[in-house]
$ cat data-v3.txt   # compact mmCIF, C-alpha atoms
# COMPACT_ATOMS: atom_id res chain seq x y z
CA MET A 867 69.57 82.41 96.73
CA GLU A 868 71.66 83.76 99.54
CA ASN A 869 71.66 86.38 102.22
CA LEU A 870 74.16 89.18 101.70
CA LYS A 871 74.94 89.69 105.36
CA HIS A 872 75.67 85.98 105.73
CA LEU A 873 77.82 86.01 102.57
CA ILE A 874 79.84 88.97 103.82
CA LYS A 875 80.36 87.35 107.21
CA THR A 876 81.27 83.88 105.96
CA ARG A 877 83.68 84.89 103.19
CA ARG A 878 87.20 83.71 104.02
CA SER A 879 90.57 83.99 102.35
CA ILE A 880 91.08 80.58 100.72
CA ARG A 881 94.72 79.62 100.19
CA ARG A 882 94.34 75.91 99.41
CA PHE A 883 92.34 74.71 96.48
CA LYS A 884 90.90 71.47 95.14
CA ASN A 885 92.49 70.06 92.02
CA ARG A 886 89.64 71.30 89.84
CA ASN A 887 89.83 73.77 86.97
CA VAL A 888 87.97 77.06 86.87
CA SER A 889 86.34 77.59 83.48
CA ARG A 890 86.84 80.74 81.45
CA LYS A 891 83.09 81.26 81.56
CA ILE A 892 83.17 81.46 85.35
CA LEU A 893 86.20 83.76 85.34
CA LEU A 894 84.29 86.16 83.10
CA LYS A 895 81.26 86.08 85.40
CA ILE A 896 83.53 86.95 88.32
CA ILE A 897 84.97 89.89 86.39
CA GLU A 898 81.47 90.98 85.41
CA ALA A 899 80.61 91.26 89.11
CA GLY A 900 83.77 93.36 89.50
CA ILE A 901 83.02 95.86 86.76
CA ASN A 902 79.63 96.64 88.27
CA ALA A 903 81.31 98.28 91.24
CA PRO A 904 80.95 102.06 91.46
CA SER A 905 83.76 104.34 90.34
CA GLY A 906 84.24 108.09 90.40
CA LEU A 907 82.37 109.69 87.49
CA ASN A 908 81.77 106.07 86.37
CA ASN A 909 85.30 106.02 84.94
CA GLN A 910 85.70 102.25 85.40
CA PRO A 911 89.48 102.51 85.84
CA TRP A 912 90.32 98.80 85.75
CA LYS A 913 91.65 96.05 83.52
CA PHE A 914 91.90 92.31 84.15
CA GLN A 915 94.21 89.53 83.07
CA THR A 916 93.20 85.92 83.67
CA VAL A 917 95.90 83.32 84.06
CA THR A 918 95.39 79.56 84.14
CA GLU A 919 98.53 78.33 82.39
CA ALA A 920 101.05 76.68 84.73
CA GLY A 921 104.13 78.23 83.13
CA LEU A 922 102.80 81.76 83.47
CA LYS A 923 101.69 81.14 87.07
CA LYS A 924 105.21 79.91 87.78
CA THR A 925 106.69 83.08 86.28
CA ILE A 926 104.35 85.29 88.32
CA SER A 927 105.10 83.34 91.50
CA GLY A 928 108.76 84.27 91.15
CA PHE A 929 107.95 87.85 92.17
CA THR A 930 106.62 87.14 95.64
CA LEU A 931 107.62 85.45 98.90
CA SER A 932 107.59 81.66 99.00
CA ARG A 933 104.42 81.37 101.10
CA TYR A 934 102.54 83.36 98.47
CA SER A 935 104.28 81.85 95.46
CA LYS A 936 103.01 78.42 96.54
CA ILE A 937 99.44 79.75 96.51
CA ILE A 938 99.95 81.28 93.06
CA CYS A 939 101.32 78.06 91.58
CA GLU A 940 98.66 75.85 93.15
CA ALA A 941 95.62 78.03 92.42
CA PRO A 942 93.67 76.87 89.37
CA ALA A 943 93.31 80.45 88.19
CA LEU A 944 94.54 83.97 88.85
CA ILE A 945 92.83 87.25 88.12
CA LEU A 946 95.30 90.13 87.91
CA VAL A 947 93.62 93.49 88.50
CA TYR A 948 95.24 96.57 87.00
CA LEU A 949 94.53 100.27 87.23
CA ASP A 950 94.10 101.67 83.73
CA GLU A 951 96.15 104.87 83.80
CA ARG A 952 94.30 106.29 80.79
CA LYS A 953 91.05 106.26 82.78
CA ILE A 954 92.36 107.57 86.08
CA TYR A 955 91.04 110.86 87.40
CA ASP A 956 92.19 110.73 91.02
CA ARG A 957 94.58 108.00 92.07
CA ASP A 958 93.28 107.55 95.66
CA LYS A 959 89.66 107.35 94.52
CA ASP A 960 90.54 105.03 91.65
CA ILE A 961 92.40 102.69 94.00
CA MET A 962 89.38 102.70 96.30
CA SER A 963 87.18 101.78 93.34
CA ALA A 964 89.55 98.93 92.54
CA GLY A 965 89.00 97.75 96.12
CA ALA A 966 85.22 97.91 95.61
CA CYS A 967 85.61 95.97 92.36
CA ILE A 968 87.73 93.32 94.09
CA GLU A 969 85.22 92.96 96.93
CA ASN A 970 82.44 92.37 94.39
CA MET A 971 84.54 89.62 92.83
CA LEU A 972 85.39 88.03 96.21
CA LEU A 973 81.74 88.03 97.30
CA TYR A 974 80.62 86.63 93.97
CA ILE A 975 83.25 83.88 94.14
CA HIS A 976 82.05 82.99 97.64
CA SER A 977 78.41 83.04 96.55
CA GLU A 978 79.30 80.43 93.90
CA LYS A 979 80.85 78.22 96.60
CA MET A 980 84.28 78.90 95.24
CA GLY A 981 87.15 80.49 97.15
CA ALA A 982 89.81 83.13 96.64
CA VAL A 983 92.56 85.06 98.30
CA TRP A 984 93.49 88.67 97.58
CA LEU A 985 97.29 88.82 97.34
CA GLY A 986 98.99 92.14 97.96
CA GLU A 987 102.60 91.36 98.85
CA ILE A 988 103.40 90.82 95.17
CA LEU A 989 102.81 94.56 94.55
CA ASN A 990 106.22 95.22 96.11
CA ARG A 991 107.76 94.02 92.84
CA LYS A 992 104.96 94.97 90.49
CA LYS A 993 107.10 96.88 88.00
CA GLN A 994 109.47 93.99 87.46
CA LEU A 995 106.54 91.57 87.24
CA GLN A 996 104.67 93.67 84.69
CA LYS A 997 107.75 93.97 82.51
CA LYS A 998 107.94 90.20 82.44
CA ILE A 999 104.32 89.29 81.80
CA ASN A 1000 102.83 91.95 79.59
CA ARG A 1001 104.04 94.71 77.36
CA GLN A 1002 100.92 96.85 77.48
CA LYS A 1003 101.70 100.35 78.72
CA GLY A 1004 99.61 102.51 81.03
CA LEU A 1005 98.70 99.76 83.46
CA GLU A 1006 99.52 99.47 87.14
CA LEU A 1007 99.07 96.17 88.92
CA ALA A 1008 96.66 96.64 91.86
CA ALA A 1009 96.08 93.07 93.06
CA VAL A 1010 96.39 89.39 92.26
CA ILE A 1011 93.38 87.23 93.13
CA ALA A 1012 93.96 83.48 93.35
CA VAL A 1013 90.73 81.59 92.58
CA GLY A 1014 89.54 78.00 92.78
CA TYR A 1015 87.36 75.56 94.67
CA PRO A 1016 88.05 75.59 98.42
CA GLY A 1017 90.41 72.93 99.71
CA GLU A 1018 90.25 74.22 103.29
CA LYS A 1019 87.79 75.74 105.76
CA PRO A 1020 89.66 78.52 107.53
CA ARG A 1021 88.44 79.85 110.86
CA TYR A 1022 87.04 83.37 111.15
CA PRO A 1023 90.09 85.56 111.68
CA GLY A 1024 88.00 87.93 113.79
CA ARG A 1025 87.37 91.65 113.83
CA ARG A 1026 87.84 94.18 116.57
CA LYS A 1027 84.67 95.27 118.38
CA LEU A 1028 82.34 97.43 116.30
CA SER A 1029 82.44 100.17 118.95
CA SER A 1030 86.23 100.44 118.58
CA PHE A 1031 85.75 101.75 115.01
CA LEU A 1032 83.30 104.50 115.88
CA LEU A 1033 84.16 108.13 116.39
CA GLU A 1034 81.86 110.02 118.64
CA GLY A 1035 79.22 111.81 116.52
CA MET B 962 66.78 86.51 100.67
CA GLU B 963 68.43 87.96 97.62
CA ASN B 964 70.72 87.07 94.79
CA LEU B 965 74.15 88.67 94.98
CA LYS B 966 74.58 89.07 91.24
CA HIS B 967 71.24 90.86 91.04
CA LEU B 968 72.12 93.06 94.03
CA ILE B 969 75.45 94.04 92.47
CA LYS B 970 73.79 94.85 89.15
CA THR B 971 70.84 96.80 90.51
CA ARG B 972 72.72 98.94 93.06
CA ARG B 973 72.55 102.61 92.04
CA SER B 974 73.90 105.84 93.42
CA ILE B 975 70.93 107.41 95.20
CA ARG B 976 71.11 111.18 95.50
CA ARG B 977 67.52 111.97 96.52
CA PHE B 978 66.02 110.58 99.67
CA LYS B 979 62.61 110.24 101.28
CA ASN B 980 61.96 112.34 104.35
CA ARG B 981 62.47 109.37 106.67
CA ASN B 982 65.08 108.97 109.37
CA VAL B 983 67.70 106.22 109.42
CA SER B 984 67.99 104.70 112.87
CA ARG B 985 71.29 104.36 114.70
CA LYS B 986 70.69 100.61 114.83
CA ILE B 987 70.61 100.44 111.04
CA LEU B 988 73.70 102.65 110.70
CA LEU B 989 75.59 100.25 112.96
CA LYS B 990 74.46 97.26 110.88
CA ILE B 991 75.74 99.00 107.76
CA ILE B 992 79.11 99.61 109.40
CA GLU B 993 79.20 96.00 110.58
CA ALA B 994 78.94 94.90 106.94
CA GLY B 995 81.83 97.26 106.20
CA ILE B 996 84.20 95.97 108.85
CA ASN B 997 83.85 92.43 107.56
CA ALA B 998 85.69 93.39 104.39
CA PRO B 999 89.17 91.92 103.99
CA SER B 1000 92.26 93.99 104.77
CA GLY B 1001 95.97 93.35 104.45
CA LEU B 1002 97.16 91.25 107.39
CA ASN B 1003 93.63 91.80 108.76
CA ASN B 1004 94.70 95.27 109.92
CA GLN B 1005 91.17 96.74 109.65
CA PRO B 1006 92.49 100.23 108.92
CA TRP B 1007 89.21 102.13 109.14
CA LYS B 1008 87.13 104.33 111.43
CA PHE B 1009 83.59 105.63 111.01
CA GLN B 1010 81.69 108.72 112.06
CA THR B 1011 77.91 108.78 111.74
CA VAL B 1012 76.18 112.11 111.29
CA THR B 1013 72.45 112.73 111.46
CA GLU B 1014 72.31 116.17 113.04
CA ALA B 1015 71.31 118.94 110.62
CA GLY B 1016 73.81 121.52 111.89
CA LEU B 1017 76.74 119.18 111.45
CA LYS B 1018 75.56 118.12 107.99
CA LYS B 1019 75.36 121.79 107.08
CA THR B 1020 78.92 122.35 108.29
CA ILE B 1021 80.20 119.35 106.30
CA SER B 1022 78.33 120.46 103.21
CA GLY B 1023 80.32 123.71 103.21
CA PHE B 1024 83.41 121.83 102.07
CA THR B 1025 82.09 120.57 98.75
CA LEU B 1026 80.51 121.86 95.54
CA SER B 1027 76.88 122.94 95.63
CA ARG B 1028 75.53 119.90 93.79
CA TYR B 1029 77.07 117.66 96.45
CA SER B 1030 76.36 119.92 99.41
CA LYS B 1031 72.64 119.67 98.59
CA ILE B 1032 72.88 115.86 98.83
CA ILE B 1033 74.75 116.09 102.14
CA CYS B 1034 72.19 118.42 103.69
CA GLU B 1035 69.20 116.44 102.44
CA ALA B 1036 70.44 112.94 103.28
CA PRO B 1037 68.98 111.60 106.54
CA ALA B 1038 72.39 110.25 107.53
CA LEU B 1039 76.05 110.36 106.59
CA ILE B 1040 78.74 107.80 107.25
CA LEU B 1041 82.22 109.31 107.12
CA VAL B 1042 84.89 106.69 106.46
CA TYR B 1043 88.42 107.41 107.67
CA LEU B 1044 91.73 105.63 107.29
CA ASP B 1045 93.20 105.00 110.73
CA GLU B 1046 96.84 106.00 110.33
CA ARG B 1047 97.88 103.99 113.39
CA LYS B 1048 96.77 100.79 111.65
CA ILE B 1049 98.14 101.47 108.20
CA TYR B 1050 100.79 99.16 106.79
CA ASP B 1051 100.74 100.11 103.10
CA ARG B 1052 98.74 103.14 102.04
CA ASP B 1053 97.68 101.83 98.60
CA LYS B 1054 96.52 98.51 100.01
CA ASP B 1055 94.77 100.18 102.92
CA ILE B 1056 92.91 102.51 100.59
CA MET B 1057 91.87 99.50 98.51
CA SER B 1058 90.57 97.84 101.67
CA ALA B 1059 88.60 100.98 102.44
CA GLY B 1060 87.05 100.59 98.98
CA ALA B 1061 86.14 96.99 99.76
CA CYS B 1062 84.64 98.10 103.08
CA ILE B 1063 82.60 100.82 101.35
CA GLU B 1064 81.31 98.37 98.72
CA ASN B 1065 80.12 96.03 101.49
CA MET B 1066 78.24 98.94 103.03
CA LEU B 1067 76.71 100.03 99.70
CA LEU B 1068 75.57 96.49 98.89
CA TYR B 1069 74.17 96.01 102.37
CA ILE B 1070 72.29 99.32 102.15
CA HIS B 1071 70.83 98.26 98.80
CA SER B 1072 69.90 94.82 100.14
CA GLU B 1073 67.87 96.59 102.86
CA LYS B 1074 66.00 98.58 100.17
CA MET B 1075 67.76 101.71 101.25
CA GLY B 1076 69.97 103.89 99.05
CA ALA B 1077 73.30 105.66 99.22
CA VAL B 1078 75.82 107.63 97.25
CA TRP B 1079 79.58 107.49 97.70
CA LEU B 1080 80.85 111.07 97.65
CA GLY B 1081 84.46 111.70 96.74
CA GLU B 1082 84.71 115.32 95.63
CA ILE B 1083 84.70 116.45 99.26
CA LEU B 1084 88.13 114.82 99.70
CA ASN B 1085 89.62 117.78 97.87
CA ARG B 1086 89.19 119.80 101.08
CA LYS B 1087 89.46 116.97 103.57
CA LYS B 1088 92.09 118.58 105.77
CA GLN B 1089 90.06 121.73 106.29
CA LEU B 1090 86.92 119.65 106.86
CA GLN B 1091 88.57 117.41 109.42
CA LYS B 1092 89.92 120.38 111.36
CA LYS B 1093 86.38 121.67 111.61
CA ILE B 1094 84.50 118.51 112.56
CA ASN B 1095 86.77 116.41 114.74
CA ARG B 1096 89.91 116.89 116.74
CA GLN B 1097 91.03 113.28 116.72
CA LYS B 1098 94.51 112.92 115.24
CA GLY B 1099 95.80 110.17 112.97
CA LEU B 1100 92.72 109.97 110.76
CA GLU B 1101 92.42 110.63 107.05
CA LEU B 1102 89.00 111.07 105.49
CA ALA B 1103 88.52 108.47 102.73
CA ALA B 1104 84.87 108.92 101.78
CA VAL B 1105 81.51 110.34 102.75
CA ILE B 1106 78.51 108.05 102.23
CA ALA B 1107 75.08 109.70 102.18
CA VAL B 1108 72.40 107.22 103.29
CA GLY B 1109 68.62 107.11 103.36
CA TYR B 1110 65.51 105.68 101.78
CA PRO B 1111 65.46 106.11 97.99
CA GLY B 1112 63.50 109.06 96.67
CA GLU B 1113 64.42 108.35 93.05
CA LYS B 1114 64.98 105.42 90.69
CA PRO B 1115 68.05 106.28 88.63
CA ARG B 1116 68.71 104.55 85.34
CA TYR B 1117 71.64 102.15 84.96
CA PRO B 1118 74.58 104.39 84.06
CA GLY B 1119 76.07 101.57 82.00
CA ARG B 1120 79.43 99.87 81.81
CA ARG B 1121 81.79 99.42 78.90
CA LYS B 1122 81.77 95.98 77.29
CA LEU B 1123 83.33 93.25 79.41
CA SER B 1124 85.76 92.39 76.62
CA SER B 1125 87.16 95.94 76.69
CA PHE B 1126 88.51 95.30 80.20
CA LEU B 1127 90.37 92.10 79.37
CA LEU B 1128 94.04 91.81 78.58
CA GLU B 1129 95.00 88.93 76.42
CA GLY B 1130 96.09 86.00 78.62

$ encode --input "data-v3.txt" --output "structure tokens"
Amino acid sequence: MENLKHLIKTRRSIRRFKNRNVSRKILLKIIEAGINAPSGLNNQPWKFQTVTEAGLKKTISGFTLSRYSKIICEAPALILVYLDERKIYDRDKDIMSAGACIENMLLYIHSEKMGAVWLGEILNRKKQLQKKINRQKGLELAAVIAVGYPGEKPRYPGRRKLSSFLLEG
Amino acid sequence: MENLKHLIKTRRSIRRFKNRNVSRKILLKIIEAGINAPSGLNNQPWKFQTVTEAGLKKTISGFTLSRYSKIICEAPALILVYLDERKIYDRDKDIMSAGACIENMLLYIHSEKMGAVWLGEILNRKKQLQKKINRQKGLELAAVIAVGYPGEKPRYPGRRKLSSFLLEG
């Protein structure tokens, strides 16, 4: 049992992992948390690719900067999140739903005492990457999530003051 | 105390509310859950406007279809989520972060036995709406969340089978 507010506040981006595998069963549970996010007209505009094989991680890592490629190679597992272009009804709203889906996965991972980092820099070369790693058409890479058991305890990176985010009513 | 998996699975879009006010204190707690979402380079690219005043709800409701305008007028409170263009570093990633922020708020609302619906149709006329309701520049409306105490118990709208979302490794 856990408290949601505490979970939200204590989730951190984990970039170093223990040398411990993540089972396929757990990866599917993480994705199940993701697909229960809301989407516009319940269109569920996402697809997922799990990667645990070292050679494929190495290939993927070649499409990002070295500080991120290290994370990709060392993470026990990756979850690649795609937008499914056949399901899309409004790109902005579908991307927002993908963000909701990813947050569900990150919170679920944290609630299981695992850790993850949401990698975005790799999107800069997403077309080249997709050509290399899958031939399925109609997909657009939205994020790469590196997943494992935490090998570090990062400090809270902080947030600006709540009042700084508020417009006057 | 609550179980995250259960919270994620039992969250519903709530479109009918009890005639009970939502306090400003609670609205700020909801937004606090939102701002603890991750964002690229921790840029926190969001702003929030809370609305509880009937006249302003009425004005906002004029920019959407009648089935949504009814929800907007009847909801005890609205949280308008904006992208803060001064903080943006990559529009797609920032919109995804807004989605993560919104999911935190929706889960937090549900965990407090309240209810909400994420309204997107209103974005079709966001420029006109923004001109009418605030003069602050550099903001882009990303979502309107209607919030209150549930006045209905919607059925689970369902998800496609988990396996249908998986690409082969």

$ closest_atom_pairs --input "data-v3.txt" --of "chain B" --to "chain A" --cutoff "7 Å" --atoms "only C-alpha atoms" --output "Markdown table"
| residue | atom | partner | partner_atom | distance |
| --- | --- | --- | --- | --- |
| B:Met962 | CA | A:Asn869 | CA | 5.1 |
| B:Glu963 | CA | A:Glu868 | CA | 5.6 |
| B:Asn964 | CA | A:Met867 | CA | 5.2 |
| B:Leu965 | CA | A:Leu870 | CA | 6.7 |
| B:Lys966 | CA | A:Ala899 | CA | 6.8 |
| B:Ile969 | CA | A:Asn902 | CA | 6.5 |
| B:Lys970 | CA | A:Asn902 | CA | 6.2 |
| B:Glu993 | CA | A:Leu1028 | CA | 6.7 |
| B:Ala994 | CA | A:Lys871 | CA | 6.8 |
| B:Asn997 | CA | A:Lys875 | CA | 6.2 |
| B:Trp1007 | CA | A:Phe1031 | CA | 6.8 |
| B:Lys1008 | CA | A:Phe1031 | CA | 4.6 |
| B:Phe1009 | CA | A:Leu1032 | CA | 5.0 |
| B:Gln1010 | CA | A:Leu1033 | CA | 5.0 |
| B:Thr1011 | CA | A:Gly1035 | CA | 5.8 |
| B:Val1012 | CA | A:Gly1035 | CA | 6.1 |
| B:Ile1056 | CA | A:Met962 | CA | 5.6 |
| B:Met1057 | CA | A:Gly965 | CA | 4.1 |
| B:Ser1058 | CA | A:Gly965 | CA | 5.8 |
| B:Ala1059 | CA | A:Met962 | CA | 6.4 |
| B:Gly1060 | CA | A:Met962 | CA | 4.1 |
| B:Ala1061 | CA | A:Ala966 | CA | 4.3 |
| B:Ile1063 | CA | A:Ala966 | CA | 6.9 |
| B:Glu1064 | CA | A:Ala966 | CA | 5.0 |
| B:Tyr1069 | CA | A:Leu870 | CA | 6.9 |
| B:Leu1123 | CA | A:Glu898 | CA | 6.7 |
| B:Phe1126 | CA | A:Lys913 | CA | 4.6 |
| B:Leu1127 | CA | A:Phe914 | CA | 5.0 |
| B:Leu1128 | CA | A:Gln915 | CA | 5.0 |
| B:Glu1129 | CA | A:Gln915 | CA | 6.7 |
| B:Gly1130 | CA | A:Thr916 | CA | 5.8 |

$ write_last_selection --input "data-v3.txt" --atoms "C-alpha atoms" --output "short mmCIF file (atom, residue, chain, number, x, y, z; two decimals), in the frame of the given file"
data_model
loop_
_atom_site.label_atom_id
_atom_site.label_comp_id
_atom_site.auth_asym_id
_atom_site.auth_seq_id
_atom_site.Cartn_x
_atom_site.Cartn_y
_atom_site.Cartn_z
CA MET B 962 66.78 86.51 100.67
CA GLU B 963 68.43 87.96 97.62
CA ASN B 964 70.72 87.07 94.79
CA LEU B 965 74.15 88.67 94.98
CA LYS B 966 74.58 89.07 91.24
CA ILE B 969 75.45 94.04 92.47
CA LYS B 970 73.79 94.85 89.15
CA GLU B 993 79.20 96.00 110.58
CA ALA B 994 78.94 94.90 106.94
CA ASN B 997 83.85 92.43 107.56
CA TRP B 1007 89.21 102.13 109.14
CA LYS B 1008 87.13 104.33 111.43
CA PHE B 1009 83.59 105.63 111.01
CA GLN B 1010 81.69 108.72 112.06
CA THR B 1011 77.91 108.78 111.74
CA VAL B 1012 76.18 112.11 111.29
CA ILE B 1056 92.91 102.51 100.59
CA MET B 1057 91.87 99.50 98.51
CA SER B 1058 90.57 97.84 101.67
CA ALA B 1059 88.60 100.98 102.44
CA GLY B 1060 87.05 100.59 98.98
CA ALA B 1061 86.14 96.99 99.76
CA ILE B 1063 82.60 100.82 101.35
CA GLU B 1064 81.31 98.37 98.72
CA TYR B 1069 74.17 96.01 102.37
CA LEU B 1123 83.33 93.25 79.41
CA PHE B 1126 88.51 95.30 80.20
CA LEU B 1127 90.37 92.10 79.37
CA LEU B 1128 94.04 91.81 78.58
CA GLU B 1129 95.00 88.93 76.42
CA GLY B 1130 96.09 86.00 78.62
#

$ calpha_fit_and_write --input "data-v3.txt" --fixed "chain A" --moving "chain B" --output "compact mmCIF listing (two decimals) with C-alpha atoms, in the frame of the given file"
# COMPACT_ATOMS: atom_id res chain seq x y z
CA MET B 962 69.53 82.48 96.72
CA GLU B 963 71.62 83.79 99.56
CA ASN B 964 71.65 86.39 102.25
CA LEU B 965 74.16 89.18 101.72
CA LYS B 966 74.94 89.68 105.39
CA HIS B 967 75.69 85.98 105.74
CA LEU B 968 77.83 86.01 102.58
CA ILE B 969 79.84 88.98 103.83
CA LYS B 970 80.38 87.34 107.22
CA THR B 971 81.28 83.88 105.98
CA ARG B 972 83.68 84.90 103.18
CA ARG B 973 87.21 83.71 104.01
CA SER B 974 90.58 83.97 102.36
CA ILE B 975 91.08 80.58 100.72
CA ARG B 976 94.71 79.62 100.20
CA ARG B 977 94.35 75.91 99.41
CA PHE B 978 92.35 74.71 96.46
CA LYS B 979 90.92 71.47 95.13
CA ASN B 980 92.50 70.06 92.01
CA ARG B 981 89.65 71.30 89.82
CA ASN B 982 89.82 73.75 86.96
CA VAL B 983 87.96 77.06 86.87
CA SER B 984 86.34 77.60 83.49
CA ARG B 985 86.84 80.74 81.44
CA LYS B 986 83.07 81.27 81.56
CA ILE B 987 83.17 81.45 85.35
CA LEU B 988 86.20 83.77 85.34
CA LEU B 989 84.29 86.15 83.08
CA LYS B 990 81.27 86.07 85.40
CA ILE B 991 83.53 86.95 88.32
CA ILE B 992 84.97 89.90 86.40
CA GLU B 993 81.46 90.98 85.41
CA ALA B 994 80.61 91.26 89.12
CA GLY B 995 83.75 93.36 89.51
CA ILE B 996 83.01 95.85 86.76
CA ASN B 997 79.63 96.63 88.27
CA ALA B 998 81.31 98.28 91.24
CA PRO B 999 80.95 102.06 91.45
CA SER B 1000 83.77 104.35 90.33
CA GLY B 1001 84.26 108.10 90.41
CA LEU B 1002 82.38 109.69 87.51
CA ASN B 1003 81.78 106.08 86.38
CA ASN B 1004 85.32 106.02 84.96
CA GLN B 1005 85.71 102.23 85.41
CA PRO B 1006 89.48 102.50 85.85
CA TRP B 1007 90.32 98.80 85.77
CA LYS B 1008 91.65 96.04 83.52
CA PHE B 1009 91.89 92.31 84.13
CA GLN B 1010 94.21 89.53 83.06
CA THR B 1011 93.19 85.92 83.66
CA VAL B 1012 95.90 83.31 84.05
CA THR B 1013 95.40 79.56 84.13
CA GLU B 1014 98.52 78.33 82.38
CA ALA B 1015 101.05 76.69 84.71
CA GLY B 1016 104.15 78.24 83.12
CA LEU B 1017 102.80 81.75 83.47
CA LYS B 1018 101.70 81.13 87.06
CA LYS B 1019 105.21 79.91 87.78
CA THR B 1020 106.69 83.07 86.28
CA ILE B 1021 104.35 85.29 88.33
CA SER B 1022 105.09 83.35 91.48
CA GLY B 1023 108.77 84.29 91.16
CA PHE B 1024 107.96 87.85 92.16
CA THR B 1025 106.62 87.15 95.64
CA LEU B 1026 107.63 85.44 98.88
CA SER B 1027 107.60 81.65 99.00
CA ARG B 1028 104.44 81.36 101.10
CA TYR B 1029 102.55 83.35 98.46
CA SER B 1030 104.28 81.84 95.44
CA LYS B 1031 103.03 78.41 96.55
CA ILE B 1032 99.44 79.75 96.50
CA ILE B 1033 99.96 81.28 93.05
CA CYS B 1034 101.33 78.07 91.57
CA GLU B 1035 98.66 75.87 93.15
CA ALA B 1036 95.62 78.03 92.41
CA PRO B 1037 93.68 76.86 89.35
CA ALA B 1038 93.30 80.45 88.18
CA LEU B 1039 94.54 83.96 88.84
CA ILE B 1040 92.83 87.25 88.12
CA LEU B 1041 95.29 90.13 87.91
CA VAL B 1042 93.62 93.49 88.51
CA TYR B 1043 95.24 96.57 87.00
CA LEU B 1044 94.53 100.28 87.23
CA ASP B 1045 94.10 101.68 83.73
CA GLU B 1046 96.14 104.88 83.80
CA ARG B 1047 94.30 106.29 80.79
CA LYS B 1048 91.06 106.27 82.78
CA ILE B 1049 92.36 107.57 86.07
CA TYR B 1050 91.03 110.85 87.41
CA ASP B 1051 92.19 110.73 91.03
CA ARG B 1052 94.58 107.99 92.07
CA ASP B 1053 93.28 107.55 95.65
CA LYS B 1054 89.67 107.35 94.51
CA ASP B 1055 90.54 105.02 91.65
CA ILE B 1056 92.39 102.69 93.98
CA MET B 1057 89.37 102.70 96.30
CA SER B 1058 87.18 101.78 93.34
CA ALA B 1059 89.55 98.93 92.55
CA GLY B 1060 88.98 97.76 96.13
CA ALA B 1061 85.22 97.91 95.62
CA CYS B 1062 85.60 95.97 92.36
CA ILE B 1063 87.73 93.31 94.09
CA GLU B 1064 85.21 92.95 96.94
CA ASN B 1065 82.43 92.35 94.39
CA MET B 1066 84.55 89.61 92.84
CA LEU B 1067 85.39 88.02 96.21
CA LEU B 1068 81.74 88.02 97.30
CA TYR B 1069 80.62 86.63 93.96
CA ILE B 1070 83.25 83.88 94.14
CA HIS B 1071 82.06 82.98 97.64
CA SER B 1072 78.41 83.03 96.57
CA GLU B 1073 79.31 80.42 93.91
CA LYS B 1074 80.86 78.20 96.62
CA MET B 1075 84.28 78.90 95.24
CA GLY B 1076 87.16 80.49 97.15
CA ALA B 1077 89.80 83.13 96.64
CA VAL B 1078 92.56 85.06 98.30
CA TRP B 1079 93.49 88.67 97.58
CA LEU B 1080 97.27 88.83 97.34
CA GLY B 1081 98.99 92.14 97.95
CA GLU B 1082 102.60 91.37 98.84
CA ILE B 1083 103.41 90.83 95.16
CA LEU B 1084 102.82 94.55 94.55
CA ASN B 1085 106.21 95.20 96.10
CA ARG B 1086 107.77 94.02 92.83
CA LYS B 1087 104.97 94.98 90.49
CA LYS B 1088 107.10 96.89 88.01
CA GLN B 1089 109.48 93.99 87.47
CA LEU B 1090 106.54 91.58 87.25
CA GLN B 1091 104.69 93.67 84.70
CA LYS B 1092 107.78 93.98 82.51
CA LYS B 1093 107.96 90.21 82.45
CA ILE B 1094 104.33 89.29 81.82
CA ASN B 1095 102.82 91.96 79.59
CA ARG B 1096 104.05 94.70 77.34
CA GLN B 1097 100.93 96.83 77.48
CA LYS B 1098 101.71 100.34 78.71
CA GLY B 1099 99.62 102.51 81.02
CA LEU B 1100 98.70 99.75 83.46
CA GLU B 1101 99.52 99.48 87.15
CA LEU B 1102 99.06 96.17 88.93
CA ALA B 1103 96.65 96.63 91.86
CA ALA B 1104 96.09 93.07 93.05
CA VAL B 1105 96.39 89.39 92.26
CA ILE B 1106 93.38 87.23 93.12
CA ALA B 1107 93.96 83.48 93.34
CA VAL B 1108 90.73 81.59 92.57
CA GLY B 1109 89.52 78.01 92.78
CA TYR B 1110 87.37 75.55 94.67
CA PRO B 1111 88.05 75.59 98.42
CA GLY B 1112 90.39 72.92 99.72
CA GLU B 1113 90.25 74.21 103.30
CA LYS B 1114 87.79 75.74 105.76
CA PRO B 1115 89.65 78.53 107.54
CA ARG B 1116 88.44 79.85 110.86
CA TYR B 1117 87.03 83.37 111.15
CA PRO B 1118 90.09 85.56 111.71
CA GLY B 1119 87.98 87.93 113.80
CA ARG B 1120 87.35 91.65 113.83
CA ARG B 1121 87.82 94.19 116.58
CA LYS B 1122 84.65 95.28 118.37
CA LEU B 1123 82.34 97.45 116.29
CA SER B 1124 82.44 100.18 118.94
CA SER B 1125 86.22 100.46 118.57
CA PHE B 1126 85.75 101.75 115.01
CA LEU B 1127 83.29 104.51 115.87
CA LEU B 1128 84.14 108.14 116.40
CA GLU B 1129 81.83 110.02 118.64
CA GLY B 1130 79.19 111.81 116.52

$ atom_distance --input "data-v3.txt" --atom1 "CA of Glu951 in chain A" --atom2 "CA of Lys992 in chain A"
14.8 Å

$ axis_aligned_box --input "data-v3.txt" --around "range 1065-1071 of chain B" --padding-each-side "8 Å" --output "AutoDock Vina command-line options"
--center_x 75.5 --center_y 98.0 --center_z 100.9 --size_x 25.3 --size_y 20.0 --size_z 20.2

$ atom_distance --input "data-v3.txt" --atom1 "CA of Lys979 in chain A" --atom2 "CA of Gly1014 in chain A"
9.5 Å

$ atom_distance --input "data-v3.txt" --atom1 "CA of Arg933 in chain A" --atom2 "CA of Tyr1022 in chain A"
20.2 Å
